[in-house]
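Trainee: Provided herewith: work16.cif, mmCIF, C-alpha atoms.
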data_model
loop_
_atom_site.label_atom_id
_atom_site.label_comp_id
_atom_site.auth_asym_id
_atom_site.auth_seq_id
_atom_site.Cartn_x
_atom_site.Cartn_y
_atom_site.Cartn_z
CA MET A 1418 44.71 -73.58 -8.39
CA HIS A 1419 41.48 -72.78 -10.29
CA GLY A 1420 40.79 -76.04 -12.13
CA LEU A 1421 40.54 -76.08 -15.90
CA GLY A 1422 40.14 -72.80 -17.69
CA PHE A 1423 41.96 -69.70 -18.88
CA GLU A 1424 43.62 -67.06 -16.80
CA VAL A 1425 43.44 -63.61 -18.36
CA ARG A 1426 45.75 -60.86 -17.15
CA HIS A 1427 47.65 -57.86 -18.49
CA GLU A 1428 50.69 -58.88 -20.50
CA ARG A 1429 52.90 -56.55 -18.44
CA ASP A 1430 51.84 -58.31 -15.25
CA GLY A 1431 53.98 -61.20 -16.48
CA ASP A 1432 53.94 -64.70 -15.06
CA GLY A 1433 54.01 -63.74 -11.39
CA SER A 1434 51.70 -65.12 -8.73
CA VAL A 1435 48.01 -64.27 -8.94
CA ASP A 1436 48.23 -63.45 -5.24
CA LEU A 1437 49.66 -60.12 -6.29
CA LEU A 1438 46.70 -59.42 -8.58
CA ARG A 1439 43.09 -58.50 -7.87
CA LYS A 1440 40.60 -61.16 -8.90
CA VAL A 1441 37.89 -59.80 -11.19
CA GLU A 1442 34.79 -61.90 -10.62
CA THR A 1443 32.27 -60.85 -13.25
CA LEU A 1444 32.20 -59.49 -16.80
CA MET A 1445 30.47 -56.32 -15.51
CA GLU A 1446 33.33 -55.82 -13.07
CA LEU A 1447 35.84 -56.45 -15.84
CA GLU A 1448 34.07 -53.84 -17.95
CA GLU A 1449 34.53 -51.33 -15.13
CA VAL A 1450 38.24 -52.21 -15.03
CA VAL A 1451 38.84 -51.68 -18.76
CA ARG A 1452 36.68 -48.55 -18.97
CA ARG A 1453 38.94 -46.55 -16.62
CA ASP A 1454 42.56 -45.54 -16.94
CA GLY A 1455 45.13 -45.61 -14.12
CA ASP A 1456 43.79 -42.31 -12.76
CA GLY A 1457 40.20 -43.56 -12.76
CA LYS A 1458 39.25 -41.43 -15.75
CA TYR A 1459 36.90 -42.67 -18.48
CA ARG A 1460 38.79 -44.68 -21.09
CA PRO A 1461 36.48 -44.70 -24.10
CA LEU A 1462 39.12 -46.02 -26.51
CA ARG A 1463 39.47 -49.75 -25.82
CA GLY A 1464 42.52 -50.09 -28.03
CA GLU A 1465 44.41 -47.38 -26.14
CA ARG A 1466 47.77 -48.49 -24.79
CA ASN A 1467 46.85 -47.65 -21.22
CA LEU A 1468 44.94 -50.72 -20.11
CA VAL A 1469 45.35 -50.86 -16.35
CA GLN A 1470 47.39 -53.64 -14.77
CA GLY A 1471 47.03 -55.53 -11.54
CA TRP A 1472 43.98 -57.75 -12.14
CA PHE A 1473 43.17 -61.20 -13.40
CA TYR A 1474 40.04 -62.98 -14.59
CA TRP A 1475 39.51 -66.70 -14.51
CA ALA A 1476 37.47 -67.88 -17.51
CA LYS A 1477 36.09 -71.36 -16.91
CA SER A 1478 35.47 -72.22 -20.57
CA SER A 1479 36.45 -71.15 -24.07
CA GLU A 1480 32.99 -69.52 -24.38
CA GLU A 1481 33.67 -67.43 -21.30
CA LEU A 1482 37.15 -66.60 -22.58
CA ARG A 1483 35.52 -65.26 -25.71
CA GLU A 1484 33.20 -63.07 -23.63
CA VAL A 1485 36.21 -61.80 -21.68
CA LEU A 1486 38.08 -60.87 -24.86
CA GLU A 1487 34.92 -59.21 -26.15
CA VAL A 1488 34.94 -56.95 -23.09
CA ILE A 1489 38.63 -56.06 -23.35
CA TYR A 1490 38.88 -55.71 -27.14
CA PRO A 1491 35.34 -55.66 -28.58
CA GLY A 1492 35.09 -57.16 -32.05
CA ALA A 1493 38.74 -58.30 -32.14
CA VAL A 1494 38.05 -62.04 -32.14
CA GLY A 1495 35.33 -61.66 -34.77
CA ASN A 1496 37.64 -59.58 -36.97
CA TRP A 1497 40.40 -62.13 -36.56
CA GLU A 1498 38.09 -64.95 -37.62
CA ALA A 1499 36.78 -62.90 -40.54
CA GLU A 1500 40.33 -62.13 -41.63
CA ARG A 1501 41.33 -65.80 -41.54
CA GLU A 1502 38.27 -66.74 -43.55
CA GLY A 1503 38.84 -63.95 -46.07
CA ARG A 1504 35.59 -62.11 -45.30
CA LEU A 1505 36.90 -59.10 -43.41
CA VAL A 1506 35.24 -56.06 -44.95
CA GLN A 1507 37.14 -52.82 -44.71
CA GLY A 1508 36.15 -49.51 -46.15
CA ASP A 1509 37.70 -46.06 -46.19
CA TRP A 1510 37.08 -43.16 -43.85
CA LYS A 1511 34.86 -41.34 -46.33
CA GLY A 1512 32.44 -44.25 -46.52
CA ALA A 1513 32.29 -44.34 -42.72
CA ALA A 1514 31.86 -40.54 -42.50
CA LYS A 1515 28.86 -40.69 -44.84
CA ARG A 1516 26.98 -42.75 -42.26
CA GLN A 1517 27.62 -40.21 -39.51
CA MET A 1518 25.77 -37.00 -38.62
CA GLY A 1519 26.22 -33.60 -40.27
CA ARG A 1520 29.46 -32.30 -38.75
CA VAL A 1521 31.36 -35.50 -39.48
CA GLN A 1522 29.87 -35.74 -42.96
CA LYS A 1523 31.29 -32.32 -43.72
CA LEU A 1524 34.79 -33.72 -43.24
CA ILE A 1525 34.34 -35.49 -46.59
CA GLU A 1526 34.45 -32.16 -48.40
CA ASN A 1527 37.22 -30.38 -46.57
CA GLY A 1528 38.50 -32.58 -43.78
CA GLU A 1529 41.29 -34.57 -45.42
CA LYS A 1530 43.97 -32.79 -43.36
CA SER A 1531 41.98 -33.14 -40.11
CA VAL A 1532 41.58 -36.84 -40.73
CA GLU A 1533 45.31 -37.26 -41.40
CA ARG A 1534 46.13 -35.39 -38.19
CA ALA A 1535 43.67 -37.46 -36.18
CA GLU A 1536 45.15 -40.65 -37.58
CA LYS A 1537 48.56 -39.52 -36.39
CA GLU A 1538 47.46 -38.11 -33.01
CA LEU A 1539 45.05 -40.86 -32.07
CA CYS A 1540 45.57 -44.05 -34.08
CA GLN A 1541 49.36 -43.94 -34.29
CA ALA A 1542 50.17 -42.28 -31.00
CA ARG A 1543 47.60 -43.78 -28.64
CA CYS A 1544 45.84 -46.82 -30.08
CA GLY A 1545 47.14 -50.36 -30.33
CA LYS A 1546 44.80 -51.27 -33.19
CA SER A 1547 45.87 -51.20 -36.84
CA PRO A 1548 43.62 -48.92 -38.88
CA LEU A 1549 43.03 -51.00 -42.01
CA TRP A 1550 40.87 -48.20 -43.41
CA ALA A 1551 43.99 -45.98 -43.40
CA GLY A 1552 45.97 -48.50 -45.42
CA LYS A 1553 47.70 -50.19 -42.48
CA THR A 1554 47.99 -53.96 -42.38
CA CYS A 1555 47.48 -56.32 -39.52
CA ARG A 1556 48.78 -59.87 -39.36
CA ALA A 1557 48.29 -62.50 -36.75
CA GLU A 1558 51.40 -63.77 -34.99
CA VAL A 1559 51.65 -66.93 -32.98
CA GLY A 1560 50.09 -66.37 -29.58
CA ARG A 1561 48.67 -62.98 -30.48
CA ILE A 1562 45.25 -61.90 -31.63
CA PRO A 1563 45.59 -59.14 -34.21
CA LEU A 1564 43.79 -55.92 -33.30
CA ALA A 1565 42.25 -54.76 -36.55
CA CYS A 1566 40.41 -51.45 -36.79
CA VAL A 1567 38.03 -51.67 -39.74
CA GLU A 1568 36.54 -48.22 -39.53
CA PRO A 1569 37.06 -44.95 -37.65
CA CYS A 1570 35.63 -44.97 -34.12
CA PRO A 1571 33.59 -42.18 -32.45
CA ILE A 1572 36.68 -40.91 -30.63
CA PHE A 1573 38.43 -40.61 -33.96
CA TRP A 1574 35.67 -38.34 -35.24
CA ASP A 1575 35.88 -36.22 -32.08
CA VAL A 1576 39.63 -35.80 -32.56
CA ALA A 1577 39.28 -35.06 -36.29
CA LEU A 1578 36.62 -32.42 -35.63
CA ALA A 1579 38.67 -30.84 -32.84
CA SER A 1580 41.76 -30.81 -35.03
CA GLY A 1581 39.90 -28.96 -37.79
CA SER A 1582 38.50 -26.27 -35.52
CA MET B 998 13.86 -69.63 -30.48
CA LEU B 999 15.44 -66.97 -28.23
CA LYS B 1000 17.89 -69.63 -27.06
CA GLU B 1001 19.35 -69.67 -30.58
CA THR B 1002 19.22 -65.91 -31.00
CA ALA B 1003 21.67 -63.28 -29.84
CA LEU B 1004 20.36 -60.14 -28.17
CA ILE B 1005 21.97 -56.79 -28.88
CA LEU B 1006 20.97 -53.79 -26.81
CA ALA B 1007 21.68 -50.84 -29.09
CA GLY B 1008 22.24 -47.56 -27.27
CA HIS B 1009 23.66 -44.12 -27.93
CA GLY B 1010 26.66 -44.08 -25.56
CA SER B 1011 29.14 -41.26 -25.16
CA THR B 1012 32.81 -40.58 -25.80
CA LYS B 1013 32.87 -38.24 -22.79
CA ASN B 1014 30.59 -39.57 -20.08
CA ALA B 1015 31.46 -43.01 -18.70
CA GLU B 1016 28.08 -43.32 -16.96
CA SER B 1017 25.94 -42.75 -20.03
CA SER B 1018 25.88 -46.42 -21.02
CA ARG B 1019 25.94 -47.94 -17.53
CA PHE B 1020 22.35 -49.15 -17.39
CA THR B 1021 22.39 -50.51 -20.93
CA ARG B 1022 25.50 -52.53 -20.12
CA GLU B 1023 24.17 -53.58 -16.74
CA THR B 1024 20.92 -54.79 -18.30
CA ALA B 1025 22.93 -56.73 -20.88
CA HIS B 1026 24.93 -58.44 -18.13
CA ARG B 1027 21.80 -59.27 -16.15
CA LEU B 1028 20.13 -60.79 -19.19
CA ARG B 1029 23.27 -62.77 -20.06
CA GLU B 1030 23.26 -64.24 -16.56
CA ARG B 1031 19.68 -65.40 -17.05
CA GLY B 1032 20.66 -67.47 -20.09
CA ILE B 1033 17.52 -66.65 -22.10
CA PHE B 1034 19.44 -65.71 -25.24
CA ALA B 1035 22.29 -67.50 -27.00
CA GLU B 1036 24.50 -64.44 -26.49
CA VAL B 1037 23.96 -60.93 -25.17
CA ARG B 1038 25.84 -57.80 -26.21
CA ALA B 1039 25.49 -54.08 -25.79
CA GLY B 1040 26.56 -51.91 -28.73
CA PHE B 1041 26.69 -48.15 -29.10
CA TRP B 1042 26.74 -45.33 -31.62
CA LYS B 1043 29.17 -43.15 -29.68
CA GLU B 1044 31.30 -45.58 -27.74
CA GLU B 1045 32.84 -49.02 -27.90
CA PRO B 1046 31.68 -51.66 -28.56
CA SER B 1047 30.29 -50.15 -31.76
CA PHE B 1048 27.26 -51.79 -33.34
CA ALA B 1049 29.60 -53.43 -35.84
CA ASP B 1050 31.89 -54.73 -33.06
CA ALA B 1051 28.91 -56.15 -31.20
CA LEU B 1052 27.85 -58.00 -34.35
CA ARG B 1053 31.32 -59.22 -35.26
CA GLY B 1054 31.79 -60.80 -31.87
CA LEU B 1055 28.73 -63.02 -32.24
CA GLN B 1056 28.75 -66.71 -32.92
CA SER B 1057 24.99 -66.82 -33.49
CA LYS B 1058 23.66 -66.46 -37.01
CA ARG B 1059 20.58 -64.58 -35.88
CA ALA B 1060 20.27 -61.51 -33.66
CA VAL B 1061 17.45 -59.44 -32.28
CA VAL B 1062 18.35 -55.80 -31.75
CA VAL B 1063 16.45 -53.89 -29.06
CA PRO B 1064 16.95 -50.12 -29.36
CA TRP B 1065 17.78 -48.58 -25.98
CA PHE B 1066 15.98 -45.41 -26.97
CA LEU B 1067 12.82 -43.79 -25.69
CA ALA B 1068 11.29 -42.70 -28.97
CA LYS B 1069 10.62 -44.02 -32.40
CA GLY B 1070 12.76 -41.23 -33.78
CA TYR B 1071 15.73 -40.57 -36.02
CA PHE B 1072 18.04 -43.17 -34.48
CA THR B 1073 15.57 -46.00 -34.33
CA THR B 1074 13.99 -45.45 -37.75
CA GLN B 1075 17.02 -44.33 -39.76
CA ILE B 1076 20.32 -45.27 -38.18
CA LEU B 1077 19.66 -48.60 -36.49
CA PRO B 1078 17.92 -50.33 -39.43
CA ARG B 1079 20.79 -49.23 -41.68
CA GLU B 1080 23.56 -50.26 -39.27
CA PHE B 1081 21.98 -53.64 -38.58
CA ARG B 1082 21.13 -54.56 -42.13
CA GLU B 1083 22.39 -58.08 -42.58
CA THR B 1084 26.10 -57.80 -42.04
CA ALA B 1085 28.88 -60.12 -40.96
CA GLY B 1086 26.66 -63.05 -41.82
CA VAL B 1087 24.23 -62.31 -38.99
CA GLU B 1088 20.55 -61.91 -39.78
CA CYS B 1089 19.29 -59.03 -37.64
CA ARG B 1090 15.81 -57.99 -36.59
CA VAL B 1091 15.45 -54.54 -35.06
CA THR B 1092 12.51 -54.27 -32.67
CA GLU B 1093 10.55 -51.24 -31.56
CA PRO B 1094 12.50 -49.09 -29.07
CA ILE B 1095 12.05 -49.71 -25.35
CA GLY B 1096 10.25 -46.35 -25.17
CA SER B 1097 7.41 -47.84 -27.19
CA ARG B 1098 6.44 -50.21 -24.37
CA PRO B 1099 3.28 -49.28 -22.43
CA GLU B 1100 5.18 -49.87 -19.17
CA ILE B 1101 7.02 -46.59 -19.75
CA LEU B 1102 3.83 -44.65 -19.03
CA GLU B 1103 3.37 -46.70 -15.86
CA LEU B 1104 6.91 -45.86 -14.76
CA VAL B 1105 6.38 -42.17 -15.45
CA LEU B 1106 3.07 -42.17 -13.56
CA GLY B 1107 4.77 -43.91 -10.67
CA ARG B 1108 7.50 -41.28 -10.51
CA ALA B 1109 4.94 -38.45 -10.49
CA GLU B 1110 2.88 -40.15 -7.77
CA LYS B 1111 5.95 -40.77 -5.64
CA LEU B 1112 6.91 -37.09 -5.74
CA CYS B 1113 3.37 -35.96 -4.91
CA GLN B 1114 3.21 -38.35 -1.97
CA ILE B 1115 6.44 -36.99 -0.49
CA LYS B 1116 4.82 -33.56 -0.17
CA LYS B 1117 1.27 -34.89 0.23
CA HIS B 1118 0.20 -32.82 -2.77
CA GLN B 1119 -3.11 -33.56 -4.47
CA ASN B 1120 -2.86 -34.23 -8.21
CA ARG B 1121 -5.27 -31.38 -8.97
CA ASP B 1122 -2.77 -28.89 -7.46
CA VAL B 1123 0.27 -30.10 -9.38
CA CYS B 1124 1.44 -29.13 -12.86
CA VAL B 1125 3.46 -31.89 -14.51
CA LEU B 1126 6.09 -31.43 -17.20
CA ILE B 1127 7.68 -34.18 -19.27
CA ALA B 1128 11.15 -32.86 -20.13
CA SER B 1129 12.29 -34.47 -23.37
CA HIS B 1130 14.85 -34.02 -26.14
CA GLY B 1131 12.88 -33.28 -29.30
CA THR B 1132 14.65 -32.88 -32.62
CA GLY B 1133 13.98 -31.24 -35.93
CA LEU B 1134 15.26 -34.42 -37.58
CA HIS B 1135 12.22 -36.52 -36.70
CA ALA B 1136 8.78 -35.90 -35.19
CA GLY B 1137 8.80 -39.22 -33.32
CA SER B 1138 10.86 -37.94 -30.42
CA ARG B 1139 8.35 -35.17 -29.71
CA ARG B 1140 5.39 -37.48 -30.16
CA ALA B 1141 6.65 -39.96 -27.56
CA ALA B 1142 6.87 -37.20 -24.93
CA GLU B 1143 3.50 -35.74 -25.85
CA ASP B 1144 1.86 -39.17 -25.62
CA LEU B 1145 3.15 -39.48 -22.07
CA ALA B 1146 1.80 -36.02 -21.24
CA VAL B 1147 -1.63 -37.16 -22.51
CA GLY B 1148 -1.38 -40.26 -20.30
CA LEU B 1149 -0.51 -38.11 -17.28
CA SER B 1150 -3.32 -35.64 -17.97
CA LYS B 1151 -5.83 -38.49 -17.47
CA LYS B 1152 -4.72 -38.75 -13.84
CA GLY B 1153 -6.28 -35.47 -12.77
CA TYR B 1154 -3.17 -33.29 -12.61
CA ARG B 1155 -3.67 -29.54 -12.86
CA SER B 1156 -1.88 -29.71 -16.21
CA ALA B 1157 0.49 -32.05 -18.04
CA ARG B 1158 2.70 -30.81 -20.87
CA ALA B 1159 5.86 -31.80 -22.70
CA VAL B 1160 8.83 -29.40 -22.92
CA PHE B 1161 12.01 -29.90 -24.94
CA LEU B 1162 15.72 -29.30 -25.26
CA GLU B 1163 15.68 -28.73 -29.02
CA GLU B 1164 12.09 -27.81 -29.81
CA GLU B 1165 9.37 -25.46 -28.60
CA PRO B 1166 8.23 -25.14 -25.90
CA ARG B 1167 11.74 -25.09 -24.43
CA ILE B 1168 12.57 -26.50 -21.02
CA ALA B 1169 14.16 -23.18 -20.06
CA ASP B 1170 10.76 -21.52 -20.65
CA TRP B 1171 8.94 -23.89 -18.31
CA ARG B 1172 7.31 -21.04 -16.37
CA LYS B 1173 5.34 -20.07 -19.46
CA VAL B 1174 3.90 -23.56 -19.76
CA VAL B 1175 2.70 -24.09 -16.18
CA ALA B 1176 0.22 -22.23 -13.96
CA GLU B 1177 1.51 -19.08 -12.24
CA ASP B 1178 1.66 -20.69 -8.83
CA GLY B 1179 1.69 -24.08 -7.14
CA PRO B 1180 4.04 -27.05 -7.24
CA VAL B 1181 5.54 -28.38 -10.46
CA VAL B 1182 6.70 -31.94 -11.06
CA VAL B 1183 9.25 -32.40 -13.83
CA LEU B 1184 9.83 -35.90 -15.18
CA PRO B 1185 12.89 -36.37 -17.35
CA HIS B 1186 12.08 -38.29 -20.52
CA PHE B 1187 15.67 -39.46 -20.76
CA LEU B 1188 17.44 -42.69 -20.09
CA ALA B 1189 19.37 -42.69 -16.86
CA GLY B 1190 23.08 -42.09 -16.88
CA GLY B 1191 23.17 -39.50 -19.64
CA LEU B 1192 24.04 -35.87 -19.09
CA HIS B 1193 20.74 -34.54 -20.46
CA GLY B 1194 18.68 -36.00 -17.64
CA SER B 1195 21.26 -35.61 -14.88
CA GLU B 1196 22.74 -32.18 -15.68
CA ASP B 1197 21.28 -30.35 -18.67
CA VAL B 1198 17.59 -30.43 -17.75
CA PRO B 1199 18.12 -29.66 -14.03
CA GLY B 1200 20.37 -26.76 -15.08
CA LEU B 1201 17.70 -25.32 -17.39
CA LEU B 1202 15.13 -25.58 -14.61
CA GLY B 1203 17.40 -23.80 -12.14
CA LEU B 1204 17.97 -26.91 -10.00
CA SER B 1205 21.34 -27.48 -8.41
CA SER B 1206 21.30 -31.23 -9.05
CA GLY B 1207 19.52 -33.93 -10.99
CA ALA B 1208 18.72 -35.97 -7.89
CA GLU B 1209 15.16 -37.19 -7.43
CA GLY B 1210 13.24 -35.00 -4.99
CA TRP B 1211 11.91 -31.51 -4.24
CA SER B 1212 13.72 -28.17 -4.39
CA GLU B 1213 12.72 -24.54 -4.43
CA VAL B 1214 13.47 -22.43 -7.47
CA GLY B 1215 12.61 -18.73 -7.26
CA GLY B 1216 9.82 -19.36 -4.80
CA ARG B 1217 8.36 -22.34 -6.72
CA GLU B 1218 8.37 -25.91 -5.48
CA ILE B 1219 9.91 -28.16 -8.13
CA GLY B 1220 9.86 -31.93 -7.83
CA TYR B 1221 12.35 -33.67 -10.11
CA GLY B 1222 11.74 -37.29 -11.03
CA ALA B 1223 14.21 -40.11 -11.57
CA ALA B 1224 15.32 -40.77 -15.13
CA LEU B 1225 14.18 -43.95 -16.83
CA GLY B 1226 16.20 -47.01 -17.65
CA ARG B 1227 17.06 -48.75 -14.39
CA PRO B 1228 18.00 -52.34 -15.27
CA GLU B 1229 15.43 -53.87 -12.91
CA GLU B 1230 12.72 -51.85 -14.68
CA MET B 1231 13.95 -52.52 -18.20
CA GLU B 1232 14.87 -56.19 -18.19
CA GLU B 1233 11.38 -57.59 -18.71
CA MET B 1234 10.54 -54.95 -21.30
CA VAL B 1235 13.58 -55.97 -23.32
CA ILE B 1236 12.53 -59.62 -23.20
CA ARG B 1237 8.98 -58.76 -24.30
CA LEU B 1238 10.27 -56.70 -27.23
CA ALA B 1239 12.69 -59.41 -28.27
CA SER B 1240 9.97 -62.09 -28.05
CA ALA B 1241 7.37 -60.17 -30.11
CA ASN B 1242 7.16 -61.01 -33.78
#
Do you think you could lay out the structure here as structure tokens?
Mentor:
Amino acid sequence: MHGLGFEVRHERDGDGSVDLLRKVETLMELEEVVRRDGDGKYRPLRGERNLVQGWFYWAKSSEELREVLEVIYPGAVGNWEAEREGRLVQGDWKGAAKRQMGRVQKLIENGEKSVERAEKELCQARCGKSPLWAGKTCRAEVGRIPLACVEPCPIFWDVALASGS
Amino acid sequence: MLKETALILAGHGSTKNAESSRFTRETAHRLRERGIFAEVRAGFWKEEPSFADALRGLQSKRAVVVPWFLAKGYFTTQILPREFRETAGVECRVTEPIGSRPEILELVLGRAEKLCQIKKHQNRDVCVLIASHGTGLHAGSRRAAEDLAVGLSKKGYRSARAVFLEEEPRIADWRKVVAEDGPVVVLPHFLAGGLHGSEDVPGLLGLSSGAEGWSEVGGREIGYGAALGRPEEMEEMVIRLASAN
């Protein structure tokens, strides 16, 4: 129907007809799709397990497919390649916290518990990425790009700070 | 050369406000469409894609990073050079921030003129304020706003001063900085989309919204200018920064 290329859609939308799905025409439009949850609220955590359904994007080349994946799961393809080539660098949360501003830096001294809680509340409960920095592992399976998280994200720091207050 | 180089627009972003990064992302998409660079990404400090994600996704071995910031301040002199030190096998060059371009003064002057024309005010009757962030962490943020105030003062306004969120003189004390009567034009020295320019500054001034235009606050006429950063205004500046050696 579209010529050669790659059709990208939500896994839960299955193999059904594209006629039932909304065609997303541009990467900017796709960005708007993935940046909102089902209620239209801001979805800052791209790995969160609430990616909306009901759309598809037709990527005309492998380069465009890469751009599409970059919008949906930023950095995932690069991490996957780095992992396969044995050059994936992963640190710990303290190293990442050192590069942040004052309040987050303070977690290094007395925030161990807050960080553990945030890992449970955010990473385990809501995010589909595997936090390598928290000792989790992440292996590629056939037909699946692994979603590695190599360092805590800004939302993680927000949750850790809120959990300590 | 640019054809073999990736462009990264490096902005602040927000975990709470979806609109904060809109114009950075939109500019990135527009520049990607033009095909000037090998690849184009936007990366952020406080939202995804992070700077590291933006780098990891690249296939190019060389990237030019244009800071989507208005001042040569803490972020652009401390954080960005550190975060974009050669990592992930990509050689990065961080340029001056977009705020360093001379066109910014032209944009600010244009906004002031537009407001004066709406009310047919003469420049000599109007006090102008540049409302900026300011930070104790770095003097560059303050300097950028004060330089714009100097540029505005050459256009014959009654006065032109910079006021700040986190430094003196404070935005909330604007009445102390301007003449006792007459119209006041306030130009936000913030990039569009963020809450500072659209909510915080208008709130401190007593305005009910951050929309461009005139309002009355306690008997004073206040003209509020549009924030900076519209993609159509920024695109060429980004290219010039990325092309400069």
Trainee: List the spatial neighbours of region 1012-1015 of chain B as a list in words - criterion: any atom at most 10 Å away, only C-alpha atoms, same-chain residues fewer than 2 positions off excluded.
Mentor: Glu1449, Arg1452, Arg1453, Lys1458, Tyr1459, Arg1460, Pro1461, Leu1462, Cys1570, Pro1571, Ile1572, Phe1573 and Asp1575 of chain A; Gly1010, Ser1017, Ser1018, Arg1019, Trp1042, Lys1043, Glu1044, Glu1045, Gly1190, Gly1191 and Leu1192 of chain B
Trainee: Tell me which protein, DNA and RNA residues are within 10 Å of region 1167-1171 of chain B, counting all atoms listed in the file, leaving out same-chain ones fewer than 2 positions away, and put them as a list in words.
Mentor: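 So, after excluding close chain neighbours, the residues are Leu1126, Ile1127, Ala1128, Ser1129, His1130, Gly1131, Arg1158, Ala1159, Val1160, Phe1161, Leu1162, Glu1163, Glu1164, Glu1165, Lys1173, Val1174, Val1175, Ala1176, Val1181, Val1183, Asp1197, Val1198, Pro1199, Gly1200, Leu1201, Leu1202 and Gly1203 of chain B.
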Trainee: Give me, as JSON, numbers by chain, the residues of chain A touching chain B, with the criterion being at most 10 Å (counting only C-alpha atoms).
Mentor: {"A": [1443, 1444, 1445, 1448, 1449, 1452, 1453, 1458, 1459, 1460, 1461, 1462, 1463, 1464, 1480, 1483, 1484, 1486, 1487, 1488, 1489, 1490, 1491, 1492, 1493, 1494, 1495, 1496, 1497, 1498, 1499, 1504, 1505, 1506, 1516, 1517, 1518, 1566, 1567, 1568, 1570, 1571, 1572, 1573, 1574, 1575]}
Trainee: Please produce a file of those selected residues containing C-alpha atoms, as a PDB file, in the coordinates of the input.
Mentor:
ATOM      1  CA  THR A1443      32.270 -60.850 -13.250  1.00  0.00           C
ATOM      2  CA  LEU A1444      32.200 -59.490 -16.800  1.00  0.00           C
ATOM      3  CA  MET A1445      30.470 -56.320 -15.510  1.00  0.00           C
ATOM      4  CA  GLU A1448      34.070 -53.840 -17.950  1.00  0.00           C
ATOM      5  CA  GLU A1449      34.530 -51.330 -15.130  1.00  0.00           C
ATOM      6  CA  ARG A1452      36.680 -48.550 -18.970  1.00  0.00           C
ATOM      7  CA  ARG A1453      38.940 -46.550 -16.620  1.00  0.00           C
ATOM      8  CA  LYS A1458      39.250 -41.430 -15.750  1.00  0.00           C
ATOM      9  CA  TYR A1459      36.900 -42.670 -18.480  1.00  0.00           C
ATOM     10  CA  ARG A1460      38.790 -44.680 -21.090  1.00  0.00           C
ATOM     11  CA  PRO A1461      36.480 -44.700 -24.100  1.00  0.00           C
ATOM     12  CA  LEU A1462      39.120 -46.020 -26.510  1.00  0.00           C
ATOM     13  CA  ARG A1463      39.470 -49.750 -25.820  1.00  0.00           C
ATOM     14  CA  GLY A1464      42.520 -50.090 -28.030  1.00  0.00           C
ATOM     15  CA  GLU A1480      32.990 -69.520 -24.380  1.00  0.00           C
ATOM     16  CA  ARG A1483      35.520 -65.260 -25.710  1.00  0.00           C
ATOM     17  CA  GLU A1484      33.200 -63.070 -23.630  1.00  0.00           C
ATOM     18  CA  LEU A1486      38.080 -60.870 -24.860  1.00  0.00           C
ATOM     19  CA  GLU A1487      34.920 -59.210 -26.150  1.00  0.00           C
ATOM     20  CA  VAL A1488      34.940 -56.950 -23.090  1.00  0.00           C
ATOM     21  CA  ILE A1489      38.630 -56.060 -23.350  1.00  0.00           C
ATOM     22  CA  TYR A1490      38.880 -55.710 -27.140  1.00  0.00           C
ATOM     23  CA  PRO A1491      35.340 -55.660 -28.580  1.00  0.00           C
ATOM     24  CA  GLY A1492      35.090 -57.160 -32.050  1.00  0.00           C
ATOM     25  CA  ALA A1493      38.740 -58.300 -32.140  1.00  0.00           C
ATOM     26  CA  VAL A1494      38.050 -62.040 -32.140  1.00  0.00           C
ATOM     27  CA  GLY A1495      35.330 -61.660 -34.770  1.00  0.00           C
ATOM     28  CA  ASN A1496      37.640 -59.580 -36.970  1.00  0.00           C
ATOM     29  CA  TRP A1497      40.400 -62.130 -36.560  1.00  0.00           C
ATOM     30  CA  GLU A1498      38.090 -64.950 -37.620  1.00  0.00           C
ATOM     31  CA  ALA A1499      36.780 -62.900 -40.540  1.00  0.00           C
ATOM     32  CA  ARG A1504      35.590 -62.110 -45.300  1.00  0.00           C
ATOM     33  CA  LEU A1505      36.900 -59.100 -43.410  1.00  0.00           C
ATOM     34  CA  VAL A1506      35.240 -56.060 -44.950  1.00  0.00           C
ATOM     35  CA  ARG A1516      26.980 -42.750 -42.260  1.00  0.00           C
ATOM     36  CA  GLN A1517      27.620 -40.210 -39.510  1.00  0.00           C
ATOM     37  CA  MET A1518      25.770 -37.000 -38.620  1.00  0.00           C
ATOM     38  CA  CYS A1566      40.410 -51.450 -36.790  1.00  0.00           C
ATOM     39  CA  VAL A1567      38.030 -51.670 -39.740  1.00  0.00           C
ATOM     40  CA  GLU A1568      36.540 -48.220 -39.530  1.00  0.00           C
ATOM     41  CA  CYS A1570      35.630 -44.970 -34.120  1.00  0.00           C
ATOM     42  CA  PRO A1571      33.590 -42.180 -32.450  1.00  0.00           C
ATOM     43  CA  ILE A1572      36.680 -40.910 -30.630  1.00  0.00           C
ATOM     44  CA  PHE A1573      38.430 -40.610 -33.960  1.00  0.00           C
ATOM     45  CA  TRP A1574      35.670 -38.340 -35.240  1.00  0.00           C
ATOM     46  CA  ASP A1575      35.880 -36.220 -32.080  1.00  0.00           C
TER      47      ASP A1575
END
Trainee: CA of Gly1179 (chain B) and CA of Gly1148 (chain B), how far apart in Å?
Mentor: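 Spanning CA of Gly1148 (chain B) to CA of Gly1179 (chain B) is a straight-line distance of 21.1 Å.
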Trainee: Running the PyMOL selection byres ((chain B and resi 1231) around 12) on this model by hand, what would come out? Give it as JSON, numbers by chain.
Mentor: {"B": [1006, 1020, 1021, 1022, 1023, 1024, 1025, 1027, 1028, 1063, 1064, 1065, 1066, 1067, 1094, 1095, 1096, 1098, 1099, 1100, 1101, 1104, 1188, 1189, 1225, 1226, 1227, 1228, 1229, 1230, 1232, 1233, 1234, 1235, 1236, 1237, 1238]}
